[in-house]
file data04.cif (mmCIF, C-alpha atoms)
data_upload
loop_
_atom_site.label_atom_id
_atom_site.label_comp_id
_atom_site.auth_asym_id
_atom_site.auth_seq_id
_atom_site.Cartn_x
_atom_site.Cartn_y
_atom_site.Cartn_z
CA MET A 1 8.89 86.72 156.07
CA ARG A 2 5.46 88.27 155.87
CA VAL A 3 4.98 90.95 153.23
CA LEU A 4 2.03 93.33 153.16
CA VAL A 5 1.43 95.04 149.80
CA VAL A 6 -0.67 98.21 149.82
CA PRO A 7 -1.50 99.64 146.39
CA PHE A 8 -2.93 103.06 145.76
CA PRO A 9 -6.53 102.01 145.05
CA TRP A 10 -6.51 102.16 141.26
CA LYS A 11 -6.13 99.03 139.20
CA THR A 12 -3.14 100.26 137.17
CA HIS A 13 -1.28 101.00 140.41
CA LEU A 14 -2.03 97.48 141.65
CA TYR A 15 -0.72 96.02 138.39
CA ASN A 16 2.55 97.88 138.96
CA LEU A 17 3.07 95.87 142.17
CA VAL A 18 2.09 92.41 140.90
CA PRO A 19 5.45 91.23 139.47
CA LEU A 20 7.33 92.04 142.69
CA ALA A 21 4.57 90.54 144.83
CA TRP A 22 4.80 87.32 142.83
CA SER A 23 8.60 87.28 143.09
CA LEU A 24 8.33 87.43 146.85
CA GLN A 25 5.57 84.82 146.92
CA THR A 26 7.47 82.34 144.74
CA ALA A 27 10.53 82.89 146.95
CA GLY A 28 8.49 81.34 149.75
CA HIS A 29 7.27 84.41 151.58
CA GLU A 30 3.73 85.06 152.74
CA VAL A 31 2.21 87.88 150.71
CA ARG A 32 -1.07 89.69 151.37
CA VAL A 33 -2.45 92.55 149.27
CA ALA A 34 -4.63 94.98 151.21
CA GLY A 35 -6.88 97.22 149.16
CA TRP A 36 -10.30 98.72 148.80
CA PRO A 37 -12.89 95.94 148.40
CA ASP A 38 -13.70 96.83 144.79
CA LEU A 39 -10.02 96.20 143.95
CA LEU A 40 -10.05 92.63 145.25
CA ASP A 41 -11.26 90.99 142.02
CA ALA A 42 -8.15 92.34 140.32
CA VAL A 43 -5.99 91.13 143.23
CA THR A 44 -7.34 87.60 143.17
CA GLY A 45 -7.35 87.63 139.36
CA ALA A 46 -3.60 88.13 139.60
CA GLY A 47 -3.33 85.01 141.74
CA LEU A 48 -2.61 86.92 144.94
CA THR A 49 -4.35 86.80 148.30
CA GLY A 50 -6.36 89.91 149.03
CA LEU A 51 -7.74 91.64 152.07
CA GLY A 52 -10.45 94.30 151.92
CA VAL A 53 -9.81 97.48 153.87
CA GLY A 54 -11.97 100.58 153.86
CA PRO A 55 -15.33 101.12 152.18
CA GLY A 56 -16.56 99.19 149.19
CA GLU A 57 -16.39 101.79 146.43
CA THR A 58 -13.30 103.64 145.31
CA PRO A 59 -14.03 107.31 144.53
CA GLN A 60 -13.66 108.21 140.88
CA VAL A 61 -11.50 111.32 140.62
CA ARG A 62 -9.16 112.72 138.04
CA GLU A 63 -5.55 111.62 138.47
CA GLY A 64 -3.68 113.79 140.92
CA ARG A 65 -6.61 116.01 141.88
CA ASP A 66 -9.27 115.90 144.54
CA ARG A 67 -12.55 117.61 143.64
CA ARG A 68 -11.88 120.23 146.30
CA GLY A 69 -8.49 121.08 144.78
CA PRO A 70 -9.59 123.04 141.71
CA ALA A 71 -12.18 124.98 143.71
CA ARG A 72 -9.63 126.07 146.31
CA ALA A 73 -7.12 127.02 143.64
CA ALA A 74 -9.70 129.01 141.70
CA ALA A 75 -10.72 130.85 144.84
CA ALA A 76 -7.09 131.85 145.34
CA GLY A 77 -6.93 133.13 141.77
CA ARG A 78 -4.35 130.58 140.58
CA SER A 79 -3.96 127.04 139.34
CA PRO A 80 -2.17 124.58 141.66
CA ARG A 81 0.23 123.90 138.76
CA ASP A 82 1.17 127.50 138.04
CA GLY A 83 4.89 128.27 138.04
CA LEU A 84 6.11 124.67 138.38
CA GLY A 85 8.80 124.90 135.71
CA PRO A 86 11.68 124.27 138.16
CA LEU A 87 10.05 121.03 139.30
CA PHE A 88 10.37 119.58 135.80
CA ASP A 89 13.93 120.76 135.14
CA VAL A 90 16.29 117.75 134.97
CA ARG A 91 19.49 119.79 135.38
CA PRO A 92 21.39 119.08 138.62
CA ASP A 93 21.52 122.82 139.41
CA ARG A 94 17.81 123.39 138.83
CA GLU A 95 16.05 126.19 140.67
CA ARG A 96 13.89 125.01 143.54
CA LEU A 97 10.19 125.76 143.89
CA GLY A 98 9.37 128.65 146.20
CA TRP A 99 7.12 128.52 149.24
CA GLU A 100 3.95 129.73 147.54
CA GLN A 101 4.42 127.35 144.62
CA VAL A 102 5.11 124.22 146.60
CA THR A 103 2.52 124.79 149.35
CA GLY A 104 -0.07 125.54 146.69
CA VAL A 105 0.53 122.18 145.02
CA PHE A 106 0.62 120.23 148.27
CA ASP A 107 -2.45 121.92 149.75
CA ASP A 108 -4.56 121.98 146.58
CA LEU A 109 -3.45 118.82 144.81
CA VAL A 110 -1.46 116.28 146.80
CA LEU A 111 -3.03 116.37 150.25
CA PRO A 112 -6.71 116.36 149.21
CA GLN A 113 -6.16 113.30 147.02
CA ALA A 114 -4.05 111.60 149.68
CA ARG A 115 -6.77 112.05 152.28
CA ARG A 116 -9.54 111.00 149.93
CA PHE A 117 -7.94 107.67 149.14
CA ASN A 118 -6.04 106.88 152.37
CA ASP A 119 -8.22 108.04 155.25
CA PRO A 120 -11.06 105.55 154.61
CA MET A 121 -8.76 102.51 154.74
CA MET A 122 -6.34 103.61 157.47
CA GLU A 123 -8.03 102.08 160.52
CA ASP A 124 -8.75 98.72 158.87
CA LEU A 125 -5.22 98.53 157.49
CA VAL A 126 -3.51 99.27 160.81
CA ALA A 127 -5.78 96.79 162.60
CA PHE A 128 -4.81 94.06 160.14
CA ALA A 129 -1.11 94.93 160.40
CA ARG A 130 -1.29 94.67 164.18
CA GLN A 131 -2.96 91.29 163.91
CA TRP A 132 -0.80 89.83 161.11
CA ARG A 133 2.54 91.47 162.03
CA PRO A 134 4.21 91.92 158.62
CA ASP A 135 7.98 92.10 158.41
CA LEU A 136 7.89 94.27 155.27
CA VAL A 137 5.30 96.63 153.82
CA LEU A 138 5.47 97.61 150.15
CA TRP A 139 3.24 100.59 149.47
CA GLY A 140 2.49 102.12 146.14
CA ALA A 141 3.43 105.75 145.69
CA LYS A 142 0.65 107.88 147.22
CA ALA A 143 -0.65 104.94 149.35
CA PHE A 144 0.57 106.62 152.55
CA ALA A 145 -1.62 104.38 154.69
CA GLY A 146 0.92 101.63 154.06
CA ALA A 147 3.69 103.70 155.63
CA VAL A 148 1.56 104.47 158.70
CA ALA A 149 0.63 100.79 159.11
CA ALA A 150 4.32 99.80 158.87
CA ALA A 151 5.29 102.39 161.48
CA ALA A 152 2.50 101.18 163.78
CA VAL A 153 4.05 97.69 163.94
CA GLY A 154 7.72 98.55 163.41
CA ALA A 155 7.94 96.88 159.99
CA ALA A 156 10.43 97.80 157.30
CA HIS A 157 8.70 99.59 154.45
CA ALA A 158 9.35 100.79 150.92
CA ARG A 159 7.52 103.09 148.56
CA VAL A 160 7.17 101.61 145.06
CA LEU A 161 7.15 104.17 142.26
CA TYR A 162 4.99 103.89 139.17
CA SER A 163 6.60 106.80 137.32
CA VAL A 164 9.32 109.41 137.64
CA ASP A 165 9.60 110.60 141.22
CA VAL A 166 7.93 114.01 141.06
CA TYR A 167 6.68 113.93 144.64
CA THR A 168 10.05 113.45 146.36
CA ARG A 169 11.44 116.36 144.36
CA MET A 170 8.52 118.46 145.44
CA ARG A 171 8.86 117.42 149.08
CA GLU A 172 12.55 118.34 149.09
CA ASP A 173 11.70 121.73 147.63
CA PHE A 174 9.07 122.17 150.33
CA LEU A 175 11.49 121.34 153.14
CA HIS A 176 14.06 123.73 151.68
CA ALA A 177 11.52 126.55 151.44
CA LYS A 178 10.11 125.75 154.89
CA ALA A 179 13.55 126.11 156.52
CA LEU A 180 13.73 129.67 155.16
CA ARG A 181 10.40 130.70 156.70
CA PRO A 182 10.00 132.30 160.13
CA PRO A 183 9.34 129.52 162.69
CA ARG A 184 5.68 130.51 163.18
CA GLU A 185 5.03 130.27 159.43
CA ARG A 186 6.47 126.80 158.87
CA VAL A 187 3.14 125.13 158.20
CA ASP A 188 3.32 121.54 156.91
CA ALA A 189 -0.17 120.33 156.06
CA LEU A 190 0.95 116.96 154.68
CA GLY A 191 3.25 116.33 157.63
CA ASP A 192 0.55 117.34 160.11
CA TRP A 193 -1.92 114.95 158.47
CA LEU A 194 0.49 112.02 158.63
CA ALA A 195 1.60 112.94 162.15
CA GLY A 196 -2.04 112.88 163.27
CA TRP A 197 -2.53 109.35 162.01
CA ALA A 198 0.84 108.14 163.29
CA GLY A 199 0.21 109.65 166.72
CA ARG A 200 -3.07 107.79 166.94
CA TYR A 201 -1.08 104.54 166.81
CA GLY A 202 1.72 105.58 169.14
CA CYS A 203 4.24 106.62 166.49
CA GLY A 204 6.01 109.87 165.74
CA PHE A 205 6.23 111.60 162.40
CA SER A 206 9.28 111.22 160.19
CA GLU A 207 9.95 111.84 156.51
CA ASP A 208 9.86 108.05 156.05
CA LEU A 209 6.08 108.35 156.17
CA VAL A 210 6.26 110.57 153.08
CA ASN A 211 8.95 108.83 151.02
CA GLY A 212 9.43 105.41 152.61
CA GLN A 213 12.52 104.08 154.32
CA PHE A 214 13.66 103.30 150.80
CA THR A 215 12.21 103.66 147.31
CA ILE A 216 11.81 101.02 144.61
CA ALA A 217 12.18 102.61 141.16
CA PRO A 218 11.20 100.63 138.02
CA LEU A 219 12.71 102.96 135.41
CA PRO A 220 16.22 103.35 133.91
CA GLU A 221 18.67 105.87 135.32
CA ALA A 222 17.73 108.49 132.71
CA PHE A 223 14.30 108.69 134.38
CA ARG A 224 15.74 109.04 137.87
CA PRO A 225 17.16 112.59 137.67
CA ASP A 226 17.83 112.79 141.43
CA PRO A 227 20.09 109.89 142.52
CA ARG A 228 19.50 108.80 146.12
CA PRO A 229 21.25 106.13 148.20
CA THR A 230 17.89 104.82 149.40
CA THR A 231 16.69 104.02 145.86
CA LEU A 232 16.49 100.39 144.77
CA PRO A 233 16.19 100.08 140.97
CA VAL A 234 14.21 97.21 139.49
CA GLN A 235 13.23 96.27 135.96
CA PHE A 236 9.80 97.29 134.79
CA VAL A 237 8.10 93.95 134.15
CA PRO A 238 4.69 94.31 132.51
CA TYR A 239 1.60 92.74 133.97
CA ASN A 240 -1.45 93.52 131.83
CA GLY A 241 -4.05 91.59 133.76
CA PRO A 242 -6.02 88.83 132.02
CA ALA A 243 -5.32 89.04 128.31
CA VAL A 244 -5.64 87.03 125.11
CA VAL A 245 -3.19 87.42 122.24
CA PRO A 246 -5.13 88.27 119.06
CA ARG A 247 -4.52 85.98 116.10
CA TRP A 248 -3.44 88.81 113.82
CA LEU A 249 -0.37 89.34 116.02
CA ALA A 250 0.98 85.94 114.99
CA ALA A 251 1.79 87.22 111.49
CA PRO A 252 4.67 89.63 110.92
CA PRO A 253 3.59 93.22 110.20
CA ARG A 254 3.23 94.05 106.52
CA ALA A 255 4.86 97.45 107.14
CA PRO A 256 6.46 99.18 110.15
CA ARG A 257 3.90 98.77 112.92
CA VAL A 258 2.85 101.71 115.11
CA LEU A 259 0.66 101.41 118.18
CA MET A 260 -1.54 104.40 119.05
CA THR A 261 -3.44 104.38 122.33
CA PHE A 262 -5.16 107.29 124.07
CA GLY A 263 -7.43 105.53 126.55
CA ASP A 264 -7.17 106.22 130.27
CA SER A 265 -9.54 104.17 132.40
CA VAL A 266 -9.75 104.13 136.18
CA ASN A 267 -11.11 101.11 138.06
CA ASP A 268 -13.08 99.92 135.05
CA GLY A 269 -15.04 103.14 135.03
CA PRO A 270 -15.88 105.04 131.84
CA VAL A 271 -12.90 105.34 129.50
CA ARG A 272 -11.62 108.91 129.25
CA LEU A 273 -9.87 109.57 125.97
CA LEU A 274 -6.99 112.00 126.02
CA LEU A 275 -8.04 113.36 122.61
CA PRO A 276 -11.60 113.76 121.29
CA VAL A 277 -12.66 111.39 118.53
CA GLU A 278 -12.75 114.29 116.04
CA ARG A 279 -9.04 114.92 116.66
CA ILE A 280 -8.23 111.23 116.38
CA GLN A 281 -10.02 111.19 113.03
CA GLU A 282 -7.93 114.17 111.92
CA ILE A 283 -4.77 112.28 112.87
CA LEU A 284 -5.90 109.17 110.98
CA ASP A 285 -6.58 111.26 107.89
CA SER A 286 -3.13 112.87 108.14
CA VAL A 287 -1.21 109.59 108.46
CA ALA A 288 -3.29 107.63 105.96
CA GLY A 289 -0.59 107.94 103.30
CA LEU A 290 2.32 106.77 105.45
CA GLU A 291 3.85 103.37 104.80
CA MET A 292 3.00 101.76 108.13
CA GLU A 293 0.54 99.48 109.89
CA LEU A 294 -1.21 101.57 112.53
CA VAL A 295 -2.89 99.75 115.41
CA LEU A 296 -5.31 102.09 117.17
CA THR A 297 -7.00 101.10 120.42
CA LEU A 298 -10.45 102.60 120.95
CA PRO A 299 -13.48 101.59 123.01
CA PRO A 300 -16.45 100.45 120.88
CA ASP A 301 -18.49 103.64 121.38
CA SER A 302 -15.63 105.83 120.23
CA ARG A 303 -14.88 103.57 117.29
CA ARG A 304 -18.43 103.98 116.03
CA GLU A 305 -17.91 107.75 116.00
CA LEU A 306 -15.06 107.53 113.49
CA ARG A 307 -15.99 108.77 110.06
CA GLU A 308 -13.48 106.64 108.18
CA VAL A 309 -10.72 104.14 108.99
CA PRO A 310 -7.81 104.34 106.51
CA ALA A 311 -6.50 101.20 104.81
CA ASN A 312 -3.26 101.31 106.83
CA THR A 313 -5.11 101.33 110.17
CA ARG A 314 -6.44 98.50 112.34
CA VAL A 315 -8.82 99.57 115.12
CA VAL A 316 -9.10 97.26 118.13
CA GLU A 317 -10.72 97.63 121.53
CA SER A 318 -7.58 96.59 123.40
CA VAL A 319 -4.36 94.63 122.95
CA PRO A 320 -1.80 93.36 125.48
CA LEU A 321 1.00 95.91 125.40
CA SER A 322 3.64 93.33 126.26
CA GLU A 323 2.64 91.37 123.15
CA VAL A 324 2.17 94.13 120.58
CA LEU A 325 5.03 96.50 121.47
CA PRO A 326 7.86 94.04 120.68
CA THR A 327 6.50 94.03 117.09
CA CYS A 328 6.29 97.84 116.85
CA SER A 329 8.61 100.41 115.30
CA ALA A 330 6.99 103.30 117.23
CA VAL A 331 4.24 103.99 119.74
CA VAL A 332 2.00 107.02 120.29
CA HIS A 333 0.49 107.10 123.76
CA HIS A 334 -0.84 109.20 126.62
CA GLY A 335 2.01 108.57 129.04
CA GLY A 336 0.33 105.97 131.22
CA THR A 337 2.37 103.69 133.46
CA TRP A 338 2.10 100.66 131.20
CA SER A 339 2.49 102.24 127.78
CA PHE A 340 5.48 104.27 128.99
CA GLY A 341 7.16 101.41 130.85
CA CYS A 342 6.55 98.88 128.08
CA ALA A 343 7.92 101.23 125.43
CA LEU A 344 11.13 101.56 127.44
CA ARG A 345 11.39 97.83 128.12
CA TYR A 346 10.98 96.85 124.48
CA GLY A 347 13.11 99.64 123.05
CA VAL A 348 10.34 101.31 121.05
CA PRO A 349 10.65 104.99 120.04
CA GLN A 350 7.70 106.85 121.49
CA LEU A 351 5.61 109.93 120.98
CA LEU A 352 4.25 110.89 124.38
CA ILE A 353 1.13 113.09 124.33
CA GLY A 354 0.40 113.73 127.97
CA GLN A 355 -1.23 116.03 130.47
CA ALA A 356 -0.85 114.12 133.76
CA PHE A 357 1.04 115.76 136.61
CA ASP A 358 4.22 113.77 135.90
CA ALA A 359 4.09 114.34 132.12
CA PRO A 360 6.43 117.40 131.98
CA LEU A 361 9.19 115.56 133.84
CA LYS A 362 8.72 112.53 131.59
CA PHE A 363 8.97 114.89 128.60
CA GLN A 364 12.29 116.26 129.85
CA CYS A 365 13.78 112.86 130.65
CA LEU A 366 12.65 111.38 127.33
CA ASP A 367 14.12 114.31 125.44
CA ARG A 368 17.41 114.07 127.34
CA ALA A 369 17.61 110.34 126.55
CA GLY A 370 16.92 111.04 122.86
CA ALA A 371 14.51 108.10 122.70
CA GLY A 372 11.32 109.83 121.65
CA LEU A 373 9.27 112.96 121.23
CA SER A 374 6.57 114.65 123.27
CA MET A 375 3.80 117.19 122.93
CA ARG A 376 0.85 118.51 124.86
CA PRO A 377 -2.67 117.40 123.83
CA SER A 378 -3.41 120.91 122.50
CA GLU A 379 -0.49 120.53 120.09
CA ALA A 380 -1.44 117.06 118.88
CA ASP A 381 -3.23 117.80 115.62
CA GLY A 382 -2.98 115.76 112.44
CA PRO A 383 0.06 117.46 110.85
CA ALA A 384 2.02 117.52 114.12
CA VAL A 385 1.49 113.82 114.83
CA ARG A 386 2.27 112.92 111.22
CA ALA A 387 5.55 114.85 111.34
CA ALA A 388 6.48 113.19 114.63
CA LEU A 389 5.80 109.71 113.25
CA VAL A 390 7.83 110.38 110.13
CA ARG A 391 10.75 111.31 112.36
CA LEU A 392 10.34 108.37 114.75
CA LEU A 393 10.18 105.88 111.88
CA GLY A 394 13.11 107.39 110.00
CA ASP A 395 15.52 108.65 112.64
CA THR A 396 18.16 105.98 113.30
CA ALA A 397 19.50 107.88 116.33
CA VAL A 398 16.12 107.77 118.08
CA ARG A 399 15.85 104.03 117.42
CA ALA A 400 19.38 103.47 118.72
CA ASN A 401 18.67 105.44 121.89
CA ALA A 402 15.45 103.51 122.49
CA ARG A 403 17.36 100.24 122.17
CA ARG A 404 20.02 101.58 124.54
CA LEU A 405 17.36 102.26 127.17
CA ARG A 406 16.10 98.72 126.71
CA ARG A 407 19.58 97.37 127.41
CA GLU A 408 19.83 99.57 130.50
CA MET A 409 16.43 98.36 131.67
CA LEU A 410 17.38 94.69 131.24
CA ALA A 411 20.65 95.26 133.10
CA MET A 412 18.71 96.40 136.17
CA PRO A 413 17.81 93.82 138.85
CA ALA A 414 14.80 91.71 137.96
CA PRO A 415 12.02 91.45 140.57
CA ASN A 416 13.39 88.04 141.63
CA GLU A 417 16.78 89.61 142.35
CA LEU A 418 15.20 92.51 144.21
CA ALA A 419 13.25 90.02 146.32
CA ARG A 420 16.56 88.64 147.61
CA THR A 421 17.80 92.16 148.36
CA LEU A 422 14.63 92.87 150.33
CA GLU A 423 15.14 89.65 152.30
CA GLU A 424 18.66 90.77 153.23
CA MET A 425 17.51 94.26 154.19
CA VAL A 426 14.78 92.96 156.47
CA ALA A 427 17.19 90.44 158.04
CA ALA A 428 19.75 93.20 158.66
CA ARG A 429 17.08 95.36 160.21
CA ARG A 430 16.10 92.58 162.59
CA ALA A 431 19.71 92.29 163.70
CA GLY A 432 20.05 96.05 164.26
CA PRO A 433 18.45 98.43 166.77
CA VAL A 434 14.79 97.83 167.33
CA GLY A 435 12.43 100.65 166.37
CA ALA A 436 8.76 100.47 167.22
CA PRO A 437 7.55 97.42 169.20
CA ARG A 438 7.10 94.22 167.20
#
call {"tool": "encode", "arguments": {"input": "data04.cif", "output": "structure tokens"}}
result
Amino acid sequence: MRVLVVPFPWKTHLYNLVPLAWSLQTAGHEVRVAGWPDLLDAVTGAGLTGLGVGPGETPQVREGRDRRGPARAAAAGRSPRDGLGPLFDVRPDRERLGWEQVTGVFDDLVLPQARRFNDPMMEDLVAFARQWRPDLVLWGAKAFAGAVAAAAVGAAHARVLYSVDVYTRMREDFLHAKALRPPRERVDALGDWLAGWAGRYGCGFSEDLVNGQFTIAPLPEAFRPDPRPTTLPVQFVPYNGPAVVPRWLAAPPRAPRVLMTFGDSVNDGPVRLLLPVERIQEILDSVAGLEMELVLTLPPDSRRELREVPANTRVVESVPLSEVLPTCSAVVHHGGTWSFGCALRYGVPQLLIGQAFDAPLKFQCLDRAGAGLSMRPSEADGPAVRAALVRLLGDTAVRANARRLRREMLAMPAPNELARTLEEMVAARRAGPVGAPR
């Protein structure tokens, strides 16, 4: 079969799709990765065949927020994230978001970013899909153009998550709140946007354009708080991009090893550190007396700003997570896709210091699983991080829970197994009622 892969146009989101793309390719299927032209070096560097769609330069914006979003929210006198506590509640009987809450987030946060990254590549992507006729489209979460292209040619399609599924929760809350509104007030900006694109190509709107016909979820059950029959679990398999194993990793650690990483880069742009260098120095000073080998990743410019590097600390520019984490007793990180997924895969207790949109739900799931700790960046001073590390290194229950999550992860279908499931699903779809013209 022909498989079209459409990543959200950031390199880390592409990397999330590489293992499954390779599983399908080595199973004998034709795989093409369609992305913004400045993503193609990463596509071809992964050994995959790329196709450029849209303009040449990906806009650099903060995760989860279009530049117009904060301005609109400020004008309304609120933040788009105000009052979202129910969204991050993992209890089955959680309270749903209300109309004002959920429309504020969709209108000020989700839709502006979706349009910014999808609109420019939509026409090229649909044109290629009509010419190539894929049987299956795998689109990264938030890469809605992939869903529209699949609908335009009647292909099966799946949304591939990179994290906990915050957006489906939010969409369900929206639909619930919308049904309670008077008919004339049931405004659906995201649905109207997708319906406009779908209508241009002769298709109608359905919720499949928002959430996919099915969803591929690369995290253990503890991080899927809302079970759904259309969810296909798969192991998180790390792909770090081109990497070289440093020689120092060949020797066993002289003390319990801890990885600390705060970098967050987008498309090889300037590295944005979660914590300022002054705070990182405070943390280093606080943990200098602990019996451990701390590996801290910092870009060269930030490293030069450090006042002092303690004897128990090794500062490196980067290190392949899939190589260093199996040697670690704990990890401190910013909650990125790879640090979070790798920590779960290798059974490493983690301290998550995050501020991304999905961070609060990750906090709740991690706490419920008992496999780590979490705090907001404003709380992450030297004493707090030191206390957290002392607990992670000494708490046998946390270590046992982290290892349990690793076993659960490895019991999930590997990408090669999921590739066979996808083959069967596409074959069954061909044998069933025909949707859009092929």
call {"tool": "residues_around", "arguments": {"input": "data04.cif", "residues": "stretch 399-402 of chain A", "least_positions_apart": "3", "cutoff": "6 Å", "atoms": "all atoms listed in the file", "output": "PyMOL selection string"}}
result
chain A and resi 347-349+370-371+396+405
call {"tool": "closest_residue", "arguments": {"input": "data04.cif", "among": "A:Asp285, A:Asp367, A:Asp226, A:Glu278", "to": "A:Leu351", "atoms": "all atoms listed in the file"}}
result
A:Asp367
call {"tool": "resolve_selection", "arguments": {"input": "data04.cif", "expression": "the PyMOL selection byres ((chain A and resi 4) around 12)", "output": "ChimeraX atom specification"}}
result
/A:1-3,5-7,17,20-21,24-25,29-35,48-51,125-126,128-130,132-140,145-147,149-150,153,155-158
call {"tool": "residues_near_point", "arguments": {"input": "data04.cif", "point": "(4.4, 102.9, 139.2)", "cutoff": "7 Å", "atoms": "all atoms listed in the file", "output": "JSON, numbers by chain"}}
result
{"A": [13, 16, 160, 161, 162, 163, 337]}
call {"tool": "write_last_selection", "arguments": {"input": "data04.cif", "atoms": "C-alpha atoms", "output": "PDB file, keeping the file's coordinate frame"}}
result
ATOM      1  CA  HIS A  13      -1.280 101.000 140.410  1.00  0.00           C
ATOM      2  CA  ASN A  16       2.550  97.880 138.960  1.00  0.00           C
ATOM      3  CA  VAL A 160       7.170 101.610 145.060  1.00  0.00           C
ATOM      4  CA  LEU A 161       7.150 104.170 142.260  1.00  0.00           C
ATOM      5  CA  TYR A 162       4.990 103.890 139.170  1.00  0.00           C
ATOM      6  CA  SER A 163       6.600 106.800 137.320  1.00  0.00           C
ATOM      7  CA  THR A 337       2.370 103.690 133.460  1.00  0.00           C
TER       8      THR A 337
END
call {"tool": "residues_near_point", "arguments": {"input": "data04.cif", "point": "(12.1, 121.1, 156.1)", "cutoff": "12 Å", "atoms": "all atoms listed in the file", "output": "list in words"}}
result
Trp99, Met170, Arg171, Glu172, Asp173, Phe174, Leu175, His176, Ala177, Lys178, Ala179, Leu180, Arg181, Pro183, Arg186, Val187, Asp188, Leu190, Gly191, Ser206 and Glu207 of chain A
call {"tool": "resolve_selection", "arguments": {"input": "data04.cif", "expression": "the PyMOL selection byres ((chain A and resi 243-245) around 9)", "output": "ChimeraX atom specification"}}
result
/A:240-242,246-250,319-320,323-324
call {"tool": "resolve_selection", "arguments": {"input": "data04.cif", "expression": "the PyMOL selection byres ((chain A and resi 80-97) around 8)", "output": "list in words"}}
result
Gly69, Pro70, Ala73, Arg78, Ser79, Gly98, Trp99, Gln101, Val102, Gly104, Val105, Asp108, Leu109, Val166, Arg169, Met170, Asp173, Phe174, Ala177, Pro225, Asp226, Pro360, Leu361, Gln364 and Cys365 of chain A
call {"tool": "closest_residue", "arguments": {"input": "data04.cif", "among": "A:Leu306, A:Ala217, A:Leu373, A:Val398", "to": "A:Ile280", "atoms": "all atoms listed in the file"}}
result
A:Leu306
call {"tool": "atom_distance", "arguments": {"input": "data04.cif", "atom1": "atom CA of A:Leu296", "atom2": "atom CA of A:Met260"}}
result
4.8 Å
call {"tool": "residues_around", "arguments": {"input": "data04.cif", "residues": "A:His334", "least_positions_apart": "4", "cutoff": "6 Å", "atoms": "all atoms listed in the file", "output": "tab-separated table (two decimals) with C-alpha atoms, in the frame of the given file"}}
result
chain	number	residue	atom	x	y	z
A	262	PHE	CA	-5.16	107.29	124.07
A	352	LEU	CA	4.25	110.89	124.38
A	353	ILE	CA	1.13	113.09	124.33
A	354	GLY	CA	0.40	113.73	127.97
call {"tool": "atom_distance", "arguments": {"input": "data04.cif", "atom1": "atom CA of A:Ser374", "atom2": "atom CA of A:Phe8"}}
result
27.0 Å
call {"tool": "closest_residue", "arguments": {"input": "data04.cif", "among": "A:Asp381, A:Glu221, A:Asp38, A:Glu408", "to": "A:Ile283", "atoms": "all atoms listed in the file"}}
result
A:Asp381
call {"tool": "residues_around", "arguments": {"input": "data04.cif", "residues": "A:Ala27", "least_positions_apart": "5", "cutoff": "9 Å", "atoms": "all atoms listed in the file", "output": "list of chain:residue names"}}
result
A:Trp22, A:Asn416, A:Ala419, A:Arg420
call {"tool": "closest_residue", "arguments": {"input": "data04.cif", "among": "A:Pro300, A:Pro383, A:Gly372, A:Pro218", "to": "A:Pro238", "atoms": "all atoms listed in the file"}}
result
A:Pro218
call {"tool": "closest_residue", "arguments": {"input": "data04.cif", "among": "A:Met122, A:Val287, A:Arg257, A:Leu422", "to": "A:Phe214", "atoms": "all atoms listed in the file"}}
result
A:Leu422
call {"tool": "closest_residue", "arguments": {"input": "data04.cif", "among": "A:Gly28, A:Pro55, A:Pro19, A:Pro112", "to": "A:Trp193", "atoms": "all atoms listed in the file"}}
result
A:Pro112
